[in-house]
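Undergrad: Below is the file protein_39.txt, which contains compact mmCIF, C-alpha atoms and all ligand atoms.
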# COMPACT_ATOMS: atom_id res chain seq x y z
CA MET A 1 -10.58 44.23 -152.08
CA VAL A 2 -12.39 40.92 -152.04
CA PRO A 3 -16.12 41.50 -152.61
CA ARG A 4 -18.57 39.93 -150.21
CA SER A 5 -20.61 36.92 -151.28
CA ARG A 6 -23.99 37.87 -152.74
CA ILE A 7 -25.27 34.35 -151.97
CA ARG A 8 -24.50 34.98 -148.32
CA GLU A 9 -26.20 38.41 -148.55
CA LEU A 10 -29.40 36.79 -149.80
CA ALA A 11 -29.10 33.97 -147.25
CA GLU A 12 -28.80 36.45 -144.41
CA ILE A 13 -32.12 38.03 -145.39
CA ALA A 14 -33.68 34.56 -145.63
CA MET A 15 -32.34 33.49 -142.25
CA GLY A 16 -34.36 36.23 -140.60
CA MET A 17 -37.59 34.78 -142.06
CA ASP A 18 -39.73 31.79 -141.11
CA GLY A 19 -40.80 28.99 -143.41
CA VAL A 20 -38.26 29.58 -146.19
CA LEU A 21 -37.68 26.75 -148.69
CA ARG A 22 -33.91 27.03 -148.82
CA LEU A 23 -32.23 26.17 -152.10
CA TYR A 24 -29.55 28.86 -152.10
CA PHE A 25 -26.56 27.06 -150.59
CA GLY A 26 -24.49 24.53 -152.49
CA GLU A 27 -24.94 21.49 -150.34
CA SER A 28 -27.11 18.44 -150.11
CA ASN A 29 -29.47 18.33 -147.17
CA LEU A 30 -28.68 14.63 -146.72
CA PRO A 31 -26.73 13.91 -143.54
CA THR A 32 -23.29 12.32 -143.76
CA PRO A 33 -23.85 8.56 -144.26
CA GLU A 34 -23.68 6.40 -141.13
CA TYR A 35 -20.71 4.32 -142.32
CA ILE A 36 -18.60 7.49 -142.55
CA LYS A 37 -19.66 8.74 -139.13
CA ARG A 38 -18.84 5.34 -137.64
CA ALA A 39 -15.40 5.44 -139.28
CA ALA A 40 -14.69 8.81 -137.63
CA VAL A 41 -15.73 7.50 -134.20
CA ARG A 42 -13.58 4.41 -134.72
CA ALA A 43 -10.65 6.63 -135.75
CA MET A 44 -10.97 8.71 -132.59
CA GLU A 45 -11.12 5.55 -130.48
CA ASP A 46 -8.04 4.25 -132.28
CA GLY A 47 -6.11 7.37 -131.35
CA TYR A 48 -6.35 9.46 -134.53
CA THR A 49 -6.57 12.64 -132.51
CA PHE A 50 -3.00 13.90 -132.88
CA TYR A 51 -1.18 16.07 -135.43
CA THR A 52 -0.41 14.48 -138.78
CA GLU A 53 2.04 15.29 -141.57
CA ASN A 54 1.41 18.67 -143.26
CA ALA A 55 0.54 16.81 -146.47
CA GLY A 56 -1.92 14.56 -144.62
CA LEU A 57 -1.75 10.99 -143.35
CA PRO A 58 0.23 8.75 -145.71
CA SER A 59 -2.66 6.25 -145.60
CA THR A 60 -5.15 8.93 -146.74
CA ARG A 61 -2.87 9.97 -149.58
CA ARG A 62 -2.56 6.30 -150.59
CA ALA A 63 -6.35 6.02 -150.51
CA VAL A 64 -6.67 9.03 -152.84
CA ALA A 65 -4.06 7.56 -155.19
CA ALA A 66 -5.89 4.20 -155.21
CA ASN A 67 -9.13 6.01 -156.01
CA TYR A 68 -7.57 7.73 -159.07
CA GLN A 69 -6.13 4.43 -160.20
CA GLN A 70 -9.53 2.77 -159.94
CA LEU A 71 -11.66 5.56 -161.41
CA HIS A 72 -9.33 7.07 -164.00
CA GLY A 73 -6.51 4.57 -164.53
CA ILE A 74 -4.02 7.25 -163.42
CA GLU A 75 -0.88 6.49 -161.42
CA LEU A 76 -0.16 9.15 -158.80
CA ASP A 77 2.67 9.05 -156.32
CA PRO A 78 1.00 9.49 -152.92
CA SER A 79 4.18 10.73 -151.29
CA THR A 80 4.94 13.51 -153.78
CA GLU A 81 1.86 14.40 -155.84
CA ILE A 82 -1.05 14.49 -153.37
CA ILE A 83 -1.78 16.74 -150.40
CA VAL A 84 -4.76 16.17 -148.16
CA THR A 85 -6.23 19.58 -147.36
CA ALA A 86 -8.73 20.95 -144.88
CA SER A 87 -11.42 21.24 -147.62
CA GLY A 88 -11.68 22.01 -151.31
CA VAL A 89 -11.51 25.74 -150.72
CA GLN A 90 -8.29 25.29 -148.77
CA ALA A 91 -6.87 23.28 -151.67
CA LEU A 92 -7.83 26.14 -154.02
CA ASN A 93 -6.20 28.64 -151.74
CA LEU A 94 -2.97 26.64 -151.39
CA ALA A 95 -2.71 26.05 -155.13
CA ILE A 96 -3.21 29.73 -155.88
CA ARG A 97 -0.86 30.95 -153.16
CA CYS A 98 1.89 28.67 -154.42
CA VAL A 99 1.73 29.92 -157.97
CA LEU A 100 0.56 33.54 -158.03
CA ASP A 101 2.75 36.42 -156.89
CA PRO A 102 1.40 39.91 -156.15
CA ASP A 103 0.55 41.75 -159.40
CA ASP A 104 0.34 38.52 -161.37
CA HIS A 105 -2.71 38.01 -163.52
CA ALA A 106 -5.05 35.04 -163.70
CA ILE A 107 -8.03 34.01 -165.80
CA ALA A 108 -11.15 32.34 -164.42
CA LEU A 109 -13.94 30.81 -166.47
CA THR A 110 -17.28 32.04 -165.17
CA PRO A 111 -20.08 32.01 -164.08
CA ALA A 112 -18.36 30.17 -161.25
CA TRP A 113 -18.35 29.70 -157.52
CA PRO A 114 -16.89 33.06 -156.47
CA ASN A 115 -14.24 31.68 -154.09
CA GLY A 116 -11.75 30.87 -156.87
CA SER A 117 -11.54 34.48 -158.05
CA ALA A 118 -11.63 35.67 -154.43
CA CYS A 119 -8.61 33.49 -153.52
CA MET A 120 -6.72 34.99 -156.46
CA MET A 121 -7.53 38.50 -155.28
CA MET A 122 -6.42 37.56 -151.76
CA ALA A 123 -3.07 36.64 -153.31
CA ASN A 124 -3.00 40.23 -154.67
CA ALA A 125 -3.31 39.05 -158.24
CA SER A 126 -5.72 40.52 -160.78
CA VAL A 127 -8.37 38.32 -162.36
CA THR A 128 -10.07 38.43 -165.73
CA GLN A 129 -13.32 36.50 -165.82
CA ILE A 130 -14.21 34.95 -169.15
CA PRO A 131 -17.87 33.90 -169.37
CA HIS A 132 -18.95 30.62 -170.91
CA PRO A 133 -21.11 31.51 -173.90
CA LEU A 134 -24.46 29.71 -174.08
CA CYS A 135 -24.85 28.20 -177.55
CA GLY A 136 -28.33 26.73 -177.84
CA GLU A 137 -28.63 24.25 -174.98
CA ARG A 138 -24.96 24.04 -174.06
CA TYR A 139 -22.35 26.26 -172.48
CA ARG A 140 -19.00 26.37 -174.28
CA VAL A 141 -15.50 27.74 -173.79
CA ASP A 142 -14.71 31.01 -175.57
CA PHE A 143 -11.15 30.26 -176.69
CA ASP A 144 -10.88 33.54 -178.64
CA ALA A 145 -11.71 35.52 -175.50
CA LEU A 146 -9.11 33.47 -173.58
CA GLU A 147 -6.41 34.35 -176.11
CA ALA A 148 -7.37 38.00 -175.97
CA ALA A 149 -7.14 38.05 -172.16
CA VAL A 150 -3.52 36.89 -171.95
CA THR A 151 -0.99 39.44 -170.69
CA PRO A 152 2.73 39.06 -170.01
CA ARG A 153 1.81 38.52 -166.32
CA THR A 154 -0.84 35.86 -166.84
CA ARG A 155 0.17 32.84 -164.77
CA MET A 156 -2.95 30.76 -164.31
CA LEU A 157 -6.27 29.65 -165.75
CA LEU A 158 -8.95 28.30 -163.42
CA TYR A 159 -11.93 26.32 -164.65
CA THR A 160 -14.56 24.25 -162.87
CA SER A 161 -15.97 21.08 -164.39
CA PRO A 162 -18.62 20.03 -163.52
CA SER A 163 -19.44 23.65 -162.96
CA ASN A 164 -21.04 25.34 -160.03
CA PRO A 165 -23.45 26.98 -160.95
CA LEU A 166 -23.87 25.84 -164.58
CA GLY A 167 -23.68 22.06 -164.31
CA TRP A 168 -21.59 22.38 -167.49
CA VAL A 169 -19.07 19.57 -168.03
CA ALA A 170 -16.05 20.16 -170.24
CA THR A 171 -15.92 17.82 -173.24
CA ALA A 172 -12.71 15.92 -173.98
CA GLN A 173 -12.07 18.40 -176.77
CA GLU A 174 -12.57 21.40 -174.48
CA GLN A 175 -10.24 19.88 -171.87
CA GLN A 176 -7.60 19.34 -174.54
CA GLY A 177 -8.10 22.91 -175.77
CA LEU A 178 -7.63 24.31 -172.26
CA LEU A 179 -4.52 22.20 -171.71
CA ASP A 180 -3.06 23.24 -175.09
CA PHE A 181 -3.83 26.89 -174.35
CA THR A 182 -2.06 26.86 -170.96
CA ARG A 183 0.89 24.87 -172.34
CA ARG A 184 1.26 27.32 -175.21
CA HIS A 185 1.29 30.33 -172.88
CA GLY A 186 3.40 28.73 -170.15
CA MET A 187 0.74 29.14 -167.48
CA TRP A 188 -0.79 26.91 -164.81
CA LEU A 189 -4.04 25.11 -165.41
CA LEU A 190 -6.05 24.77 -162.20
CA ALA A 191 -8.99 22.41 -162.53
CA ASP A 192 -11.68 22.40 -159.86
CA GLU A 193 -13.07 18.87 -160.07
CA VAL A 194 -14.93 18.73 -156.76
CA TYR A 195 -18.15 17.65 -158.51
CA ASP A 196 -16.59 14.99 -160.75
CA ARG A 197 -18.61 12.15 -159.16
CA LEU A 198 -21.92 13.98 -159.61
CA TYR A 199 -22.23 13.18 -163.29
CA TYR A 200 -25.36 12.13 -165.17
CA ALA A 201 -24.07 11.69 -168.72
CA GLY A 202 -21.61 8.84 -168.29
CA SER A 203 -22.30 5.37 -169.65
CA ARG A 204 -23.64 4.48 -166.19
CA LEU A 205 -24.51 6.49 -163.08
CA GLY A 206 -21.41 6.50 -160.90
CA ASP A 207 -18.97 6.99 -163.77
CA PRO A 208 -16.82 10.02 -162.97
CA VAL A 209 -16.21 12.89 -165.34
CA PRO A 210 -12.80 12.06 -166.85
CA SER A 211 -10.18 14.06 -164.93
CA ILE A 212 -7.85 16.49 -166.74
CA LEU A 213 -5.11 14.31 -165.23
CA ARG A 214 -5.97 11.62 -167.80
CA ILE A 215 -4.59 13.78 -170.60
CA ALA A 216 -1.98 15.85 -168.73
CA THR A 217 1.42 14.40 -167.92
CA ARG A 218 2.74 14.51 -164.36
CA ASP A 219 5.26 17.13 -165.57
CA ASP A 220 2.56 19.48 -166.86
CA ALA A 221 1.76 22.67 -164.94
CA VAL A 222 -1.61 21.24 -163.94
CA MET A 223 -3.29 21.14 -160.55
CA VAL A 224 -6.56 19.55 -159.47
CA VAL A 225 -8.65 20.62 -156.51
CA HIS A 226 -10.97 18.09 -154.89
CA SER A 227 -13.11 17.56 -151.83
CA PHE A 228 -15.05 15.01 -149.81
CA SER A 229 -17.81 17.60 -149.27
CA LYS A 230 -20.12 16.98 -152.21
CA SER A 231 -19.79 13.30 -153.12
CA TYR A 232 -19.99 12.06 -149.54
CA CYS A 233 -22.18 14.75 -147.87
CA MET A 234 -19.25 15.85 -145.72
CA THR A 235 -19.41 19.65 -146.06
CA GLY A 236 -18.89 20.25 -142.33
CA TRP A 237 -15.90 17.91 -142.03
CA ARG A 238 -13.50 20.18 -143.94
CA VAL A 239 -11.43 17.68 -145.83
CA GLY A 240 -10.33 17.62 -149.47
CA TRP A 241 -7.18 17.25 -151.54
CA LEU A 242 -4.87 18.88 -154.03
CA ILE A 243 -3.01 17.08 -156.79
CA ALA A 244 -0.10 18.94 -158.31
CA ARG A 245 3.32 18.66 -159.81
CA ARG A 246 5.84 17.60 -157.16
CA ASP A 247 7.59 20.98 -156.93
CA VAL A 248 4.27 22.62 -156.05
CA THR A 249 3.16 19.95 -153.60
CA GLU A 250 6.47 20.42 -151.83
CA LYS A 251 5.86 24.16 -151.55
CA ALA A 252 2.22 23.69 -150.60
CA THR A 253 3.14 21.20 -147.88
CA GLN A 254 5.51 23.75 -146.38
CA LEU A 255 2.94 26.52 -146.62
CA ASN A 256 0.25 24.36 -145.02
CA GLU A 257 2.19 24.36 -141.75
CA PHE A 258 1.42 28.06 -141.36
CA VAL A 259 -2.20 27.94 -142.55
CA VAL A 260 -3.95 25.01 -140.81
CA SER A 261 -1.00 22.59 -140.57
CA HIS A 262 -3.23 19.75 -141.85
CA ALA A 263 -6.81 18.53 -142.15
CA PRO A 264 -8.47 17.10 -139.01
CA THR A 265 -6.94 13.69 -138.35
CA PHE A 266 -10.08 11.61 -137.75
CA ALA A 267 -11.76 13.35 -140.73
CA GLN A 268 -8.91 12.12 -142.92
CA LYS A 269 -9.49 8.56 -141.67
CA ALA A 270 -13.24 8.89 -142.30
CA GLY A 271 -12.40 10.12 -145.80
CA GLU A 272 -10.42 6.94 -146.44
CA THR A 273 -13.51 4.91 -145.58
CA ALA A 274 -15.68 7.08 -147.83
CA LEU A 275 -13.36 6.42 -150.77
CA ALA A 276 -13.12 2.70 -150.08
CA ASP A 277 -16.75 1.90 -149.22
CA GLY A 278 -18.79 4.78 -150.66
CA GLU A 279 -19.80 3.58 -154.12
CA ALA A 280 -23.21 2.03 -153.35
CA GLU A 281 -24.36 5.01 -151.29
CA LEU A 282 -23.06 7.43 -153.92
CA GLU A 283 -25.01 5.66 -156.65
CA ARG A 284 -28.21 5.86 -154.60
CA MET A 285 -27.64 9.57 -154.11
CA LEU A 286 -27.01 10.06 -157.83
CA GLU A 287 -30.29 8.38 -158.74
CA ARG A 288 -32.13 10.73 -156.44
CA LEU A 289 -30.25 13.78 -157.72
CA LYS A 290 -30.94 12.89 -161.33
CA GLU A 291 -34.65 12.60 -160.60
CA ASN A 292 -34.56 15.95 -158.83
CA ARG A 293 -32.78 17.54 -161.76
CA ASP A 294 -35.41 16.23 -164.16
CA LEU A 295 -38.24 17.38 -161.92
CA CYS A 296 -36.88 20.94 -161.90
CA MET A 297 -36.14 20.95 -165.64
CA ASN A 298 -39.64 19.72 -166.44
CA ALA A 299 -41.20 22.33 -164.20
CA LEU A 300 -39.33 25.21 -165.84
CA ARG A 301 -39.12 24.17 -169.44
CA GLY A 302 -41.95 25.55 -171.47
CA ILE A 303 -42.19 28.80 -169.50
CA ALA A 304 -41.93 31.60 -172.06
CA GLY A 305 -38.75 33.65 -171.68
CA VAL A 306 -36.96 31.10 -169.50
CA THR A 307 -34.03 29.10 -170.91
CA VAL A 308 -32.95 26.05 -168.93
CA PRO A 309 -29.66 24.60 -170.21
CA LYS A 310 -29.44 20.90 -169.34
CA PRO A 311 -26.76 20.34 -166.72
CA ASP A 312 -24.73 17.14 -167.03
CA GLY A 313 -23.12 17.39 -163.62
CA ALA A 314 -23.12 18.86 -160.08
CA PHE A 315 -26.50 19.57 -158.43
CA TYR A 316 -27.51 22.93 -159.82
CA LEU A 317 -29.81 24.38 -162.42
CA PHE A 318 -29.02 27.84 -163.80
CA PRO A 319 -32.06 29.11 -165.68
CA ARG A 320 -31.76 32.32 -167.64
CA VAL A 321 -34.67 34.77 -167.76
CA ASP A 322 -35.07 37.03 -170.80
CA GLY A 323 -34.79 40.69 -169.90
CA LEU A 324 -33.70 40.06 -166.29
CA SER A 325 -31.10 42.68 -165.37
CA ASP A 326 -31.05 42.47 -161.55
CA SER A 327 -30.98 38.86 -160.37
CA PHE A 328 -30.46 39.90 -156.76
CA ALA A 329 -33.66 41.99 -156.75
CA PHE A 330 -35.43 39.07 -158.49
CA CYS A 331 -34.31 36.56 -155.83
CA ARG A 332 -35.16 38.97 -153.03
CA ARG A 333 -38.68 39.53 -154.36
CA LEU A 334 -39.13 35.78 -154.87
CA LEU A 335 -38.02 35.21 -151.29
CA GLU A 336 -40.26 37.89 -149.81
CA GLU A 337 -43.33 36.99 -151.83
CA THR A 338 -43.09 33.19 -151.93
CA ARG A 339 -40.55 32.16 -149.26
CA VAL A 340 -38.38 30.38 -151.86
CA GLY A 341 -34.66 31.06 -151.41
CA LEU A 342 -32.46 30.86 -154.53
CA ALA A 343 -28.98 32.19 -155.31
CA PRO A 344 -28.82 35.23 -157.64
CA GLY A 345 -26.82 34.70 -160.84
CA VAL A 346 -24.87 37.90 -160.23
CA ALA A 347 -23.12 36.13 -157.34
CA PHE A 348 -21.21 33.95 -159.84
CA GLY A 349 -19.34 36.68 -161.68
CA GLU A 350 -19.25 37.63 -165.35
CA GLY A 351 -22.02 36.03 -167.35
CA GLY A 352 -24.11 35.24 -164.27
CA GLU A 353 -26.43 38.24 -164.27
CA GLY A 354 -29.82 37.46 -165.77
CA SER A 355 -29.94 33.97 -164.25
CA PHE A 356 -30.55 32.34 -160.87
CA ARG A 357 -29.24 29.13 -159.35
CA ILE A 358 -31.35 26.38 -157.88
CA CYS A 359 -29.57 23.77 -155.76
CA TYR A 360 -31.71 20.67 -156.31
CA ALA A 361 -29.95 18.47 -153.73
CA ALA A 362 -32.98 18.83 -151.45
CA GLU A 363 -35.77 16.61 -150.21
CA ARG A 364 -38.87 16.32 -152.38
CA SER A 365 -40.91 17.87 -149.58
CA ILE A 366 -38.93 21.09 -150.13
CA LEU A 367 -38.22 20.89 -153.84
CA GLU A 368 -41.77 20.24 -155.04
CA PRO A 369 -43.48 23.19 -153.33
CA ALA A 370 -40.49 25.40 -154.17
CA MET A 371 -40.78 24.61 -157.87
CA GLU A 372 -44.53 25.11 -157.78
CA ARG A 373 -44.15 28.57 -156.23
CA LEU A 374 -41.27 29.51 -158.52
CA THR A 375 -43.11 28.57 -161.70
CA LYS A 376 -46.19 30.53 -160.58
CA PHE A 377 -43.97 33.52 -159.81
CA LEU A 378 -42.32 33.33 -163.25
CA VAL A 379 -45.57 32.90 -165.14
CA GLY A 380 -47.61 35.41 -163.17
C1 LIG B 1 -16.82 24.59 -157.39
C2 LIG B 1 -16.51 24.37 -155.95
N1 LIG B 1 -15.25 24.13 -155.61
C3 LIG B 1 -14.90 23.92 -154.33
C4 LIG B 1 -15.84 23.94 -153.33
C5 LIG B 1 -15.32 23.75 -151.94
O1 LIG B 1 -15.91 22.78 -151.18
P1 LIG B 1 -15.35 22.51 -149.72
O2 LIG B 1 -14.54 23.68 -149.31
O3 LIG B 1 -16.56 22.29 -148.87
O4 LIG B 1 -14.52 21.28 -149.83
C6 LIG B 1 -17.18 24.22 -153.64
C7 LIG B 1 -18.20 24.32 -152.59
O5 LIG B 1 -19.29 24.81 -152.80
C8 LIG B 1 -17.53 24.43 -154.99
O6 LIG B 1 -18.78 24.68 -155.37
Please render this file's structure as structure tokens.
Ligand SMILES: Cc1ncc(COP(=O)(O)O)c(C=O)c1O

TA:
Amino acid sequence: MVPRSRIRELAEIAMGMDGVLRLYFGESNLPTPEYIKRAAVRAMEDGYTFYTENAGLPSTRRAVAANYQQLHGIELDPSTEIIVTASGVQALNLAIRCVLDPDDHAIALTPAWPNGSACMMMANASVTQIPHPLCGERYRVDFDALEAAVTPRTRMLLYTSPSNPLGWVATAQEQQGLLDFTRRHGMWLLADEVYDRLYYAGSRLGDPVPSILRIATRDDAVMVVHSFSKSYCMTGWRVGWLIARRDVTEKATQLNEFVVSHAPTFAQKAGETALADGEAELERMLERLKENRDLCMNALRGIAGVTVPKPDGAFYLFPRVDGLSDSFAFCRRLLEETRVGLAPGVAFGEGGEGSFRICYAAERSILEPAMERLTKFLVG
């Protein structure tokens, strides 16, 4: 049984109310940039309205490969190691379906976006969630707990960096540790890197979080899930990609035929333009996001009983409230009394209870009053 989303449950209550400041969903309220929309229109006019290959247009796969070369110095073979998917969640699903058999076991690092664990359950696998411990200001990986969770049927470890909802970014040492762990136990390492461009701790804004692919070889059992949704404000376009070892991409390409066949054709073309021409717009967005992050941190820090770990990536804050044991009831009361809509920590699995998630990718006209009402609610 796949549990229903507790973010959606809260959102459904909020949707029946007027005047809600909505910070519960994980998307920017910026529209897709004009240059991307124009590229889609051009693509339709140029005839990109037909079926494509199951692995996506060769030109889109080449564009993804060129992007990895430019950002990470990694050589990927576009014809055998990349599949364009109809979104990040579809890439997750494909990756999981290709590797997990019924009754297999997988490990997911949490708190995390619930869809990863849900996809594993949909593949009839069991999942053990291992929470990131909070040590002072920073979340870490509990390698002892990982070792203890391994069973003879454990086939996969999923982690998300930058993390939704934590904003945690794996250090080089943590990435190496995760890779060593999965190599040692002969399991797949699935890295969700959809937020890798939303990174505030690089040497300059716009630097990506280094991909796990920089340290893994192309023969390693490593897969990376990615998406156009977050970096290019394209959530509604449903286009992403999966990078995997060639035996898995071959399987996933075959499987894709029976799932969605391929991502929308003109959306793939628009994605190519986003990758080629998107840097300046992305940097402007990052400046705004970083300011928003700091605004929220400053508003919440200093409130007794509230811990606000500093997120280095994504666009979320995940404050923890001392003594909070029902984050759903907390978010519901906040919504009803102040019209501020946040996501309850319990929605993100093990380790999430006791916290709430703020998505700060919102306009100042929403964020500022929301933070004012939230701080009053927490203090009062
Ligand atoms: C961690 C993570 N991975 C993947 C996705 C999937 O994004 P999409 O399916 O829009 O590409 C999301 C969306 O919220 C996410 O937070």

Undergrad: Could you write out as JSON the box around ligand LIG 1 (chain B) (axis-aligned, all atoms listed in the file, 6 Å on each side), with centre and edge lengths in Å to one decimal?

TA:
{"center_x": -16.9, "center_y": 23.0, "center_z": -153.1, "size_x": 16.8, "size_y": 15.5, "size_z": 20.5}

Undergrad: So which residues touch Glu53 in chain A within 10 Å, counting only C-alpha atoms, skipping near sequence neighbours fewer than 6 positions away, as a PyMOL selection string?

TA: chain A and resi 83-84+253+256-257+261-263+265

Undergrad: Please return as a ChimeraX atom specification every residue within 12 Å of (-11.6, 18.0, -144.6), taking into account all atoms listed in the file and the file's own coordinates.

TA: /A:40,56,60,83-91,226-230,232-242,260,262-272

Undergrad: Could you tell me how far CA of Glu137 in chain A sits from CA of Pro309 in chain A, in Å to one decimal place?

TA: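 Computing the Euclidean distance for CA of Pro309 in chain A and CA of Glu137 in chain A yields 4.9 Å.
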
Undergrad: So how far away is CA of Val194 in chain A from CA of Gln69 in chain A, in Å?

TA: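 So the two atoms, CA of Gln69 in chain A and CA of Val194 in chain A, lie 17.1 Å apart.
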
Undergrad: Pro311 in chain A: which residues within 10 Å, counting all atoms listed in the file, same-chain residues fewer than 4 positions away excluded, as a PDB file with C-alpha atoms, in the frame of the given file?

TA:
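Contents of the output file selection_5.pdb:
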ATOM      1  CA  GLU A 137     -28.630  24.250-174.980  1.00  0.00           C
ATOM      2  CA  ARG A 138     -24.960  24.040-174.060  1.00  0.00           C
ATOM      3  CA  TYR A 139     -22.350  26.260-172.480  1.00  0.00           C
ATOM      4  CA  PRO A 162     -18.620  20.030-163.520  1.00  0.00           C
ATOM      5  CA  SER A 163     -19.440  23.650-162.960  1.00  0.00           C
ATOM      6  CA  PRO A 165     -23.450  26.980-160.950  1.00  0.00           C
ATOM      7  CA  LEU A 166     -23.870  25.840-164.580  1.00  0.00           C
ATOM      8  CA  GLY A 167     -23.680  22.060-164.310  1.00  0.00           C
ATOM      9  CA  TRP A 168     -21.590  22.380-167.490  1.00  0.00           C
ATOM     10  CA  VAL A 169     -19.070  19.570-168.030  1.00  0.00           C
ATOM     11  CA  TYR A 199     -22.230  13.180-163.290  1.00  0.00           C
ATOM     12  CA  TYR A 200     -25.360  12.130-165.170  1.00  0.00           C
ATOM     13  CA  ALA A 201     -24.070  11.690-168.720  1.00  0.00           C
ATOM     14  CA  ARG A 293     -32.780  17.540-161.760  1.00  0.00           C
ATOM     15  CA  ASP A 294     -35.410  16.230-164.160  1.00  0.00           C
ATOM     16  CA  MET A 297     -36.140  20.950-165.640  1.00  0.00           C
ATOM     17  CA  PHE A 315     -26.500  19.570-158.430  1.00  0.00           C
ATOM     18  CA  TYR A 316     -27.510  22.930-159.820  1.00  0.00           C
ATOM     19  CA  LEU A 317     -29.810  24.380-162.420  1.00  0.00           C
ATOM     20  CA  PHE A 318     -29.020  27.840-163.800  1.00  0.00           C
TER      21      PHE A 318
END

Undergrad: Tell me which of A:Asp207, A:Glu337, A:Asp46, A:Asp220 sits closest to Leu282 in chain A, counting only C-alpha atoms.

TA: A:Asp207

Undergrad: Which protein, DNA or RNA residues have an atom at most 10 Å from (-22.0, 40.8, -156.6), counting only C-alpha atoms? List them as a ChimeraX atom specification.

TA: /A:3-7,9,114,327-328,344-350,352-353
